[in-house]
>>> print(open('protein_34.txt').read())   # compact mmCIF, C-alpha atoms
# COMPACT_ATOMS: atom_id res chain seq x y z
CA MET X 1 117.17 38.63 -10.40
CA THR X 2 116.97 40.00 -6.91
CA SER X 3 115.78 43.56 -6.44
CA ARG X 4 117.80 46.07 -4.44
CA LEU X 5 116.68 46.81 -0.90
CA THR X 6 114.91 50.08 -0.36
CA ARG X 7 116.23 52.67 2.08
CA ARG X 8 113.45 51.82 4.57
CA GLN X 9 114.28 48.10 4.38
CA ARG X 10 117.98 48.76 4.97
CA ARG X 11 117.10 50.95 7.93
CA ARG X 12 114.89 48.24 9.44
CA ILE X 13 117.61 45.61 8.97
CA TRP X 14 120.19 47.88 10.61
CA GLN X 15 117.84 48.57 13.52
CA GLY X 16 117.26 44.82 13.90
CA ILE X 17 121.00 44.23 14.06
CA GLN X 18 121.38 46.91 16.72
CA TYR X 19 118.61 45.41 18.84
CA ALA X 20 120.16 41.95 18.47
CA VAL X 21 123.60 43.22 19.54
CA PHE X 22 122.07 45.04 22.51
CA ALA X 23 120.19 41.91 23.60
CA ALA X 24 123.32 39.79 23.18
CA VAL X 25 125.33 42.16 25.38
CA LEU X 26 122.65 42.02 28.10
CA VAL X 27 122.61 38.22 27.99
CA LEU X 28 126.42 38.10 28.10
CA ILE X 29 126.50 40.38 31.14
CA GLY X 30 123.81 38.32 32.84
CA VAL X 31 125.70 35.10 32.26
CA LEU X 32 129.21 36.27 33.13
CA ALA X 33 128.49 38.53 36.12
CA ASP X 34 128.88 37.09 39.61
CA TRP X 35 125.53 38.22 41.00
CA ASP X 36 126.09 36.63 44.41
CA ARG X 37 129.24 38.67 45.02
CA LEU X 38 127.57 41.83 43.74
CA GLN X 39 124.60 41.29 46.04
CA ASN X 40 126.87 40.62 48.99
CA GLN X 41 128.88 43.81 48.38
CA PHE X 42 126.17 46.23 47.22
CA ALA X 43 122.77 44.93 48.29
CA GLN X 44 122.82 43.89 51.94
CA LYS X 45 119.21 44.43 52.96
CA ASP X 46 119.86 44.55 56.71
CA LEU X 47 122.65 47.08 56.26
CA ALA X 48 120.53 49.20 53.94
CA LEU X 49 117.73 49.36 56.51
CA ARG X 50 120.19 50.51 59.17
CA LEU X 51 120.82 53.68 57.16
CA PHE X 52 117.30 54.92 57.77
CA PRO X 53 116.06 57.40 58.82
CA GLU X 54 119.40 59.24 59.12
CA ILE X 55 120.16 59.04 55.39
CA ILE X 56 116.93 60.98 54.80
CA THR X 57 116.73 63.24 57.86
CA ILE X 58 120.43 64.19 57.81
CA ALA X 59 122.15 63.34 54.51
CA LEU X 60 119.37 64.00 52.00
CA ARG X 61 118.12 67.02 53.92
CA ASN X 62 121.61 68.57 53.98
CA THR X 63 122.10 67.81 50.30
CA VAL X 64 118.87 69.64 49.44
CA ILE X 65 119.79 72.59 51.69
CA TYR X 66 123.28 72.85 50.17
CA THR X 67 121.88 72.66 46.64
CA MET X 68 119.13 75.22 47.12
CA SER X 69 121.34 77.70 48.98
CA GLY X 70 124.00 77.45 46.26
CA PHE X 71 121.37 77.73 43.54
CA LEU X 72 119.75 80.84 45.01
CA PHE X 73 123.09 82.55 45.62
CA GLY X 74 124.23 81.61 42.12
CA LEU X 75 120.97 82.86 40.60
CA VAL X 76 121.28 86.30 42.20
CA LEU X 77 124.98 86.60 41.38
CA GLY X 78 124.41 85.22 37.89
CA LEU X 79 121.76 87.88 37.22
CA VAL X 80 124.18 90.61 38.33
CA ILE X 81 126.97 89.19 36.14
CA ALA X 82 124.59 88.89 33.17
CA MET X 83 123.57 92.54 33.52
CA MET X 84 127.25 93.53 33.73
CA ARG X 85 127.91 91.46 30.61
CA LEU X 86 125.25 93.45 28.75
CA SER X 87 126.27 96.81 30.20
CA SER X 88 127.41 99.67 27.99
CA VAL X 89 130.21 100.32 30.51
CA ALA X 90 133.29 98.52 29.20
CA PRO X 91 134.93 97.72 32.60
CA TYR X 92 131.73 95.98 33.72
CA ARG X 93 131.78 93.83 30.59
CA TRP X 94 135.44 93.00 31.11
CA VAL X 95 134.96 92.00 34.75
CA ALA X 96 131.92 89.87 33.88
CA GLY X 97 133.75 88.21 31.00
CA VAL X 98 136.79 87.36 33.15
CA TYR X 99 134.56 85.99 35.92
CA ILE X 100 132.60 83.77 33.54
CA GLU X 101 135.67 82.37 31.80
CA LEU X 102 137.50 81.85 35.11
CA PHE X 103 134.77 80.05 37.02
CA ARG X 104 133.58 78.02 34.04
CA GLY X 105 137.12 76.90 33.33
CA LEU X 106 138.14 75.88 36.86
CA PRO X 107 137.00 72.55 38.35
CA ALA X 108 134.40 72.94 41.09
CA LEU X 109 136.73 71.08 43.47
CA LEU X 110 139.31 73.87 43.23
CA ILE X 111 136.62 76.44 44.00
CA PHE X 112 135.70 74.55 47.18
CA ILE X 113 139.34 74.35 48.22
CA PHE X 114 139.66 78.09 47.58
CA VAL X 115 136.60 78.83 49.72
CA GLY X 116 137.65 76.49 52.52
CA VAL X 117 141.37 77.29 52.63
CA ALA X 118 142.30 80.42 50.71
CA VAL X 119 139.58 82.72 52.03
CA PRO X 120 140.42 82.13 55.75
CA LEU X 121 144.12 82.62 54.96
CA ALA X 122 143.49 85.82 53.01
CA PHE X 123 141.20 87.30 55.66
CA PRO X 124 142.41 86.11 59.09
CA GLY X 125 139.86 86.20 61.87
CA THR X 126 136.89 86.45 59.50
CA GLU X 127 134.18 83.81 59.28
CA ILE X 128 131.85 83.18 56.39
CA PRO X 129 128.28 83.62 57.73
CA GLY X 130 126.44 80.35 58.22
CA GLY X 131 129.50 78.21 58.89
CA THR X 132 129.64 75.16 56.64
CA TYR X 133 126.30 75.99 55.07
CA GLY X 134 127.58 79.46 54.17
CA LYS X 135 130.78 78.04 52.68
CA VAL X 136 128.81 75.55 50.60
CA ALA X 137 126.41 78.24 49.37
CA LEU X 138 129.40 80.40 48.40
CA GLY X 139 131.31 77.58 46.70
CA LEU X 140 128.36 76.18 44.74
CA GLY X 141 127.03 79.66 44.01
CA LEU X 142 130.31 80.91 42.55
CA VAL X 143 130.41 77.99 40.14
CA ALA X 144 126.72 78.10 39.25
CA ALA X 145 126.69 81.88 38.72
CA ALA X 146 129.15 81.64 35.83
CA TYR X 147 126.85 79.28 33.92
CA MET X 148 123.64 81.00 34.96
CA ALA X 149 124.99 84.38 33.87
CA GLU X 150 125.42 83.20 30.29
CA THR X 151 122.02 81.49 30.36
CA ILE X 152 120.28 84.62 31.66
CA ARG X 153 122.17 86.83 29.19
CA ALA X 154 120.99 84.66 26.32
CA GLY X 155 117.43 84.81 27.67
CA ILE X 156 117.50 88.61 27.87
CA GLN X 157 118.83 88.87 24.33
CA ALA X 158 116.12 86.47 23.15
CA VAL X 159 113.36 88.88 24.24
CA PRO X 160 112.22 90.84 21.16
CA LYS X 161 113.67 94.35 21.04
CA GLY X 162 110.18 95.69 20.50
CA GLN X 163 109.38 94.90 24.12
CA MET X 164 111.95 97.42 25.33
CA GLU X 165 110.83 99.99 22.76
CA ALA X 166 107.20 99.55 23.81
CA ALA X 167 108.09 99.95 27.50
CA ARG X 168 110.15 103.09 26.81
CA SER X 169 107.28 104.56 24.76
CA LEU X 170 105.05 104.16 27.82
CA GLY X 171 107.43 106.29 29.87
CA PHE X 172 109.44 103.52 31.54
CA SER X 173 113.08 104.22 32.26
CA HIS X 174 115.60 101.71 30.90
CA ALA X 175 116.18 100.21 34.37
CA ARG X 176 112.46 99.94 35.12
CA ALA X 177 111.78 98.40 31.73
CA MET X 178 114.47 95.78 32.35
CA VAL X 179 113.11 94.91 35.80
CA SER X 180 109.40 95.00 34.94
CA VAL X 181 109.30 93.80 31.33
CA ILE X 182 112.50 92.26 29.94
CA ILE X 183 113.86 90.20 32.86
CA PRO X 184 110.51 88.48 33.69
CA GLN X 185 110.15 87.42 30.05
CA ALA X 186 113.77 86.29 29.95
CA PHE X 187 113.28 84.09 32.99
CA ARG X 188 110.30 82.38 31.36
CA ILE X 189 112.59 81.55 28.46
CA VAL X 190 115.47 80.23 30.57
CA ILE X 191 113.51 78.19 33.12
CA PRO X 192 114.38 74.84 31.43
CA PRO X 193 118.18 75.40 31.38
CA LEU X 194 118.10 76.83 34.90
CA THR X 195 116.27 73.73 36.11
CA ASN X 196 118.90 71.61 34.40
CA GLU X 197 121.56 73.62 36.23
CA LEU X 198 119.78 72.76 39.48
CA VAL X 199 120.14 69.05 38.65
CA LEU X 200 123.87 69.47 38.01
CA LEU X 201 124.27 71.50 41.18
CA PHE X 202 122.54 68.77 43.21
CA LYS X 203 125.25 66.34 42.13
CA ASP X 204 128.07 68.86 42.64
CA SER X 205 127.00 69.17 46.28
CA SER X 206 128.93 65.93 46.86
CA LEU X 207 132.12 68.06 46.87
CA VAL X 208 131.10 69.41 50.27
CA LEU X 209 133.13 66.63 51.90
CA PHE X 210 136.34 68.52 51.02
CA LEU X 211 135.32 71.35 53.37
CA GLY X 212 135.44 69.06 56.40
CA VAL X 213 131.92 68.61 57.77
CA THR X 214 130.61 67.33 61.08
CA LEU X 215 128.41 64.25 61.43
CA GLN X 216 125.28 66.39 61.39
CA GLU X 217 126.46 68.32 58.30
CA ARG X 218 127.17 65.33 56.06
CA GLU X 219 125.51 65.13 52.67
CA LEU X 220 124.65 61.93 50.79
CA THR X 221 128.07 61.10 49.37
CA LYS X 222 129.93 61.73 52.63
CA PHE X 223 127.26 59.83 54.59
CA GLY X 224 127.44 56.79 52.29
CA ARG X 225 131.23 56.86 52.14
CA ASP X 226 131.61 56.97 55.93
CA LEU X 227 129.20 54.08 56.48
CA ALA X 228 130.85 52.07 53.71
CA SER X 229 134.24 52.49 55.42
CA GLN X 230 132.82 51.48 58.81
CA THR X 231 131.06 48.38 57.51
CA ALA X 232 133.55 47.39 54.78
CA ASN X 233 130.57 47.12 52.43
CA SER X 234 129.41 49.29 49.52
CA THR X 235 125.68 49.03 50.23
CA PRO X 236 125.57 52.52 51.83
CA ILE X 237 127.05 54.03 48.66
CA LEU X 238 124.40 52.32 46.54
CA VAL X 239 121.60 53.56 48.80
CA ALA X 240 123.04 57.08 48.68
CA GLY X 241 123.07 56.87 44.90
CA LEU X 242 119.42 55.85 44.89
CA CYS X 243 118.62 58.87 47.07
CA TYR X 244 120.24 61.10 44.47
CA LEU X 245 118.01 59.52 41.83
CA LEU X 246 114.94 60.24 43.95
CA VAL X 247 115.59 63.92 43.29
CA THR X 248 117.42 64.06 39.95
CA VAL X 249 115.04 61.81 37.99
CA PRO X 250 111.89 63.89 38.78
CA LEU X 251 113.85 67.09 38.12
CA SER X 252 115.05 65.74 34.77
CA PHE X 253 111.45 64.89 33.90
CA VAL X 254 110.44 68.46 34.77
CA VAL X 255 113.22 69.79 32.52
CA ARG X 256 111.97 67.73 29.56
CA ARG X 257 108.40 68.89 30.10
CA LEU X 258 109.46 72.52 30.32
CA GLU X 259 111.55 72.21 27.18
CA ALA X 260 108.66 70.58 25.33
CA ARG X 261 106.32 73.35 26.45
CA ALA X 262 108.83 75.98 25.37
CA ASP X 263 109.13 74.33 21.93
CA LYS X 264 105.34 74.38 21.53
CA ALA X 265 105.18 78.03 22.54
CA ALA X 266 107.85 78.85 19.97
>>> encode(input="protein_34.txt", output="C-alpha cells")
Amino acid sequence: MTSRLTRRQRRRIWQGIQYAVFAAVLVLIGVLADWDRLQNQFAQKDLALRLFPEIITIALRNTVIYTMSGFLFGLVLGLVIAMMRLSSVAPYRWVAGVYIELFRGLPALLIFIFVGVAVPLAFPGTEIPGGTYGKVALGLGLVAAAYMAETIRAGIQAVPKGQMEAARSLGFSHARAMVSVIIPQAFRIVIPPLTNELVLLFKDSSLVLFLGVTLQERELTKFGRDLASQTANSTPILVAGLCYLLVTVPLSFVVRRLEARADKAA
C-alpha cells in the first residue's frame, strides 16, 4: 500500500514541474527563433558603435537632467501638497485632494501635451523659464508631485505623535517642530519609495519627444528612434534601452537595499 505524499514532497514535485516547464519554454524559444534575423535587425555592431559618444554625451545626459529636474520640482511641490493635505484648513485639503486625484488619474502624456500646448495658448507671449528643460521639469514634476505628496503624507503620519509632543514641550512652535523634527524623520521613512519614484520618472522622461526637441535636446528614446528611422534598423533602439538599464538597474538595487534596511530598523 503506497503512502500519501507529504506536503513538502508535493511542493517539491510542483516546483520541479515548474522548473521543467520553464526550461522547456526556453529551449522552444531557442529552437524556433530566427537568431540571424534578430541579430541583423537589433545587434549590428558597427551601427551600435556609431552611436557613441553622442548617445552618452547628449541623449543619456539629457535624460538624467530631465529626470533630476522633474524629480526635484516634484519633490518640492509634493511636500507642499502633502502639508496642504494634512492642514486643518479645509480649502487647503480640498485643493490638495483634487490635485492628487487629477494628476494621478491623467496619463503623463496628456500632462506633457498640456504643458507644451495649453499653457502657451492660455498665456500668450509668456515663456516657461529654461525652454525645453523648463517644460520637462514642469511636466514631469506635476506628475511626480501627486505621487510624492501621498508618499510624504504617509511618512509624516508614520512618525510617532510623541515626537511632536516632545518638540512642543521644548518650546518649539508647530511649524518649527514640523520642519526640524517631523519632516526629517518622515523623509528617512520614505526614502525607498521616493527612490522608486525616481526610477519611474527616469522612464517617463521618454515622453519628452512630444514637446518637440532639437537635436541637442534629445533624450534616449528620441535619439534611438531618430537613428533607427535613418538607418532602417532597430539597433539604436536596443542600445538606448541598454542605456536606460545602466541607470535603472543600479537604482532598483539601491531601492531594495533601502527597503531591507528599513525593515531591519522596524
>>> closest_residue(input="protein_34.txt", among="X:Gly141, X:Pro193, X:Pro107, X:Gly155", to="Leu75 in chain X", atoms="all atoms listed in the file")
X:Gly141
>>> closest_residue(input="protein_34.txt", among="X:Ala240, X:Ala149, X:Ile111, X:Ile17", to="Ala137 in chain X", atoms="all atoms listed in the file")
X:Ile111
>>> atom_distance(input="protein_34.txt", atom1="CA of Val76 in chain X", atom2="CA of Leu200 in chain X")
17.5 Å
>>> closest_residue(input="protein_34.txt", among="X:Cys243, X:Ile81, X:Leu215, X:Met148", to="Val98 in chain X", atoms="all atoms listed in the file")
X:Ile81
>>> atom_distance(input="protein_34.txt", atom1="CA of Ser87 in chain X", atom2="CA of Ala146 in chain X")
16.4 Å
>>> closest_atom_pairs(input="protein_34.txt", of="range 2-102 of chain X", to="range 132-135 of chain X", cutoff="10 Å", atoms="all atoms listed in the file", output="tab-separated table")
residue	atom	partner	partner_atom	distance
X:Asn62	CA	X:Tyr133	CA	8.8
X:Ile65	CA	X:Tyr133	CA	8.1
X:Tyr66	CA	X:Tyr133	CA	6.6
X:Ser69	CA	X:Tyr133	CA	8.0
X:Gly70	CA	X:Gly134	CA	8.9
>>> write_last_selection(input="protein_34.txt", atoms="C-alpha atoms", output="PDB file, in the frame of the given file")
ATOM      1  CA  ASN X  62     121.610  68.570  53.980  1.00  0.00           C
ATOM      2  CA  ILE X  65     119.790  72.590  51.690  1.00  0.00           C
ATOM      3  CA  TYR X  66     123.280  72.850  50.170  1.00  0.00           C
ATOM      4  CA  SER X  69     121.340  77.700  48.980  1.00  0.00           C
ATOM      5  CA  GLY X  70     124.000  77.450  46.260  1.00  0.00           C
TER       6      GLY X  70
END
>>> decode(input="protein_34.txt", residues="range 121-136 of chain X", atoms="all heavy atoms", output="short mmCIF file (atom, residue, chain, number, x, y, z; two decimals), in the first residue's frame")
data_model
loop_
_atom_site.label_atom_id
_atom_site.label_comp_id
_atom_site.auth_asym_id
_atom_site.auth_seq_id
_atom_site.Cartn_x
_atom_site.Cartn_y
_atom_site.Cartn_z
N LEU X 121 -1.04 78.64 -25.10
CA LEU X 121 -2.29 79.20 -25.59
C LEU X 121 -3.01 80.01 -24.51
O LEU X 121 -3.63 81.04 -24.79
CB LEU X 121 -3.21 78.07 -26.08
CG LEU X 121 -2.79 77.37 -27.37
CD1 LEU X 121 -3.74 76.22 -27.69
CD2 LEU X 121 -2.75 78.34 -28.54
N ALA X 122 -2.92 79.53 -23.27
CA ALA X 122 -3.61 80.22 -22.18
C ALA X 122 -2.93 81.52 -21.79
O ALA X 122 -3.58 82.47 -21.37
CB ALA X 122 -3.72 79.28 -20.97
N PHE X 123 -1.60 81.54 -21.94
CA PHE X 123 -0.83 82.74 -21.55
C PHE X 123 0.03 83.19 -22.72
O PHE X 123 1.24 82.92 -22.75
CB PHE X 123 0.04 82.44 -20.32
CG PHE X 123 -0.73 81.91 -19.15
CD1 PHE X 123 -0.79 80.55 -18.89
CD2 PHE X 123 -1.41 82.78 -18.30
CE1 PHE X 123 -1.50 80.06 -17.81
CE2 PHE X 123 -2.12 82.31 -17.21
CZ PHE X 123 -2.17 80.94 -16.97
N PRO X 124 -0.55 83.85 -23.71
CA PRO X 124 0.19 84.26 -24.91
C PRO X 124 1.35 85.18 -24.56
O PRO X 124 1.25 86.05 -23.70
CB PRO X 124 -0.88 85.02 -25.74
CG PRO X 124 -2.18 84.53 -25.23
CD PRO X 124 -1.97 84.25 -23.77
N GLY X 125 2.46 84.93 -25.24
CA GLY X 125 3.63 85.78 -25.06
C GLY X 125 4.49 85.41 -23.87
O GLY X 125 5.54 86.02 -23.67
N THR X 126 4.05 84.43 -23.07
CA THR X 126 4.85 84.01 -21.92
C THR X 126 5.66 82.77 -22.27
O THR X 126 5.24 81.94 -23.08
CB THR X 126 3.96 83.71 -20.71
OG1 THR X 126 3.05 82.64 -21.04
CG2 THR X 126 3.18 84.94 -20.30
N GLU X 127 6.83 82.67 -21.68
CA GLU X 127 7.71 81.53 -21.91
C GLU X 127 8.03 80.88 -20.57
O GLU X 127 8.30 81.56 -19.58
CB GLU X 127 9.01 81.97 -22.59
CG GLU X 127 8.85 82.40 -24.04
CD GLU X 127 8.56 81.24 -24.98
OE1 GLU X 127 8.87 80.08 -24.60
OE2 GLU X 127 8.02 81.49 -26.07
N ILE X 128 7.98 79.57 -20.56
CA ILE X 128 8.39 78.84 -19.35
C ILE X 128 9.90 78.94 -19.22
O ILE X 128 10.63 78.65 -20.17
CB ILE X 128 7.96 77.36 -19.44
CG1 ILE X 128 6.43 77.26 -19.49
CG2 ILE X 128 8.51 76.57 -18.25
CD1 ILE X 128 5.91 75.86 -19.68
N PRO X 129 10.41 79.40 -18.08
CA PRO X 129 11.87 79.54 -17.91
C PRO X 129 12.59 78.24 -18.18
O PRO X 129 12.14 77.17 -17.80
CB PRO X 129 12.00 79.95 -16.42
CG PRO X 129 10.69 80.56 -16.07
CD PRO X 129 9.66 79.81 -16.87
N GLY X 130 13.73 78.37 -18.87
CA GLY X 130 14.53 77.18 -19.16
C GLY X 130 14.21 76.51 -20.48
O GLY X 130 14.85 75.51 -20.82
N GLY X 131 13.25 77.04 -21.24
CA GLY X 131 12.93 76.45 -22.53
C GLY X 131 12.42 75.02 -22.39
O GLY X 131 11.57 74.72 -21.55
N THR X 132 12.97 74.13 -23.21
CA THR X 132 12.55 72.73 -23.16
C THR X 132 12.82 72.11 -21.81
O THR X 132 12.01 71.34 -21.29
CB THR X 132 13.27 71.94 -24.27
OG1 THR X 132 12.94 72.49 -25.55
CG2 THR X 132 12.86 70.47 -24.23
N TYR X 133 13.97 72.42 -21.23
CA TYR X 133 14.31 71.85 -19.92
C TYR X 133 13.30 72.30 -18.87
O TYR X 133 12.93 71.51 -17.99
CB TYR X 133 15.73 72.27 -19.53
CG TYR X 133 16.80 71.69 -20.41
CD1 TYR X 133 17.33 72.42 -21.47
CD2 TYR X 133 17.27 70.40 -20.21
CE1 TYR X 133 18.30 71.89 -22.30
CE2 TYR X 133 18.24 69.86 -21.01
CZ TYR X 133 18.76 70.61 -22.07
OH TYR X 133 19.72 70.07 -22.88
N GLY X 134 12.85 73.55 -18.94
CA GLY X 134 11.84 74.02 -18.01
C GLY X 134 10.50 73.34 -18.21
O GLY X 134 9.81 73.00 -17.24
N LYS X 135 10.12 73.13 -19.47
CA LYS X 135 8.86 72.45 -19.76
C LYS X 135 8.89 71.01 -19.26
O LYS X 135 7.91 70.51 -18.71
CB LYS X 135 8.60 72.46 -21.27
CG LYS X 135 8.31 73.83 -21.86
CD LYS X 135 8.10 73.74 -23.35
CE LYS X 135 7.87 75.12 -23.98
NZ LYS X 135 7.72 75.03 -25.45
N VAL X 136 10.03 70.35 -19.45
CA VAL X 136 10.15 68.96 -19.00
C VAL X 136 10.09 68.89 -17.48
O VAL X 136 9.41 68.03 -16.91
CB VAL X 136 11.46 68.34 -19.51
CG1 VAL X 136 11.67 66.95 -18.92
CG2 VAL X 136 11.45 68.27 -21.03
#
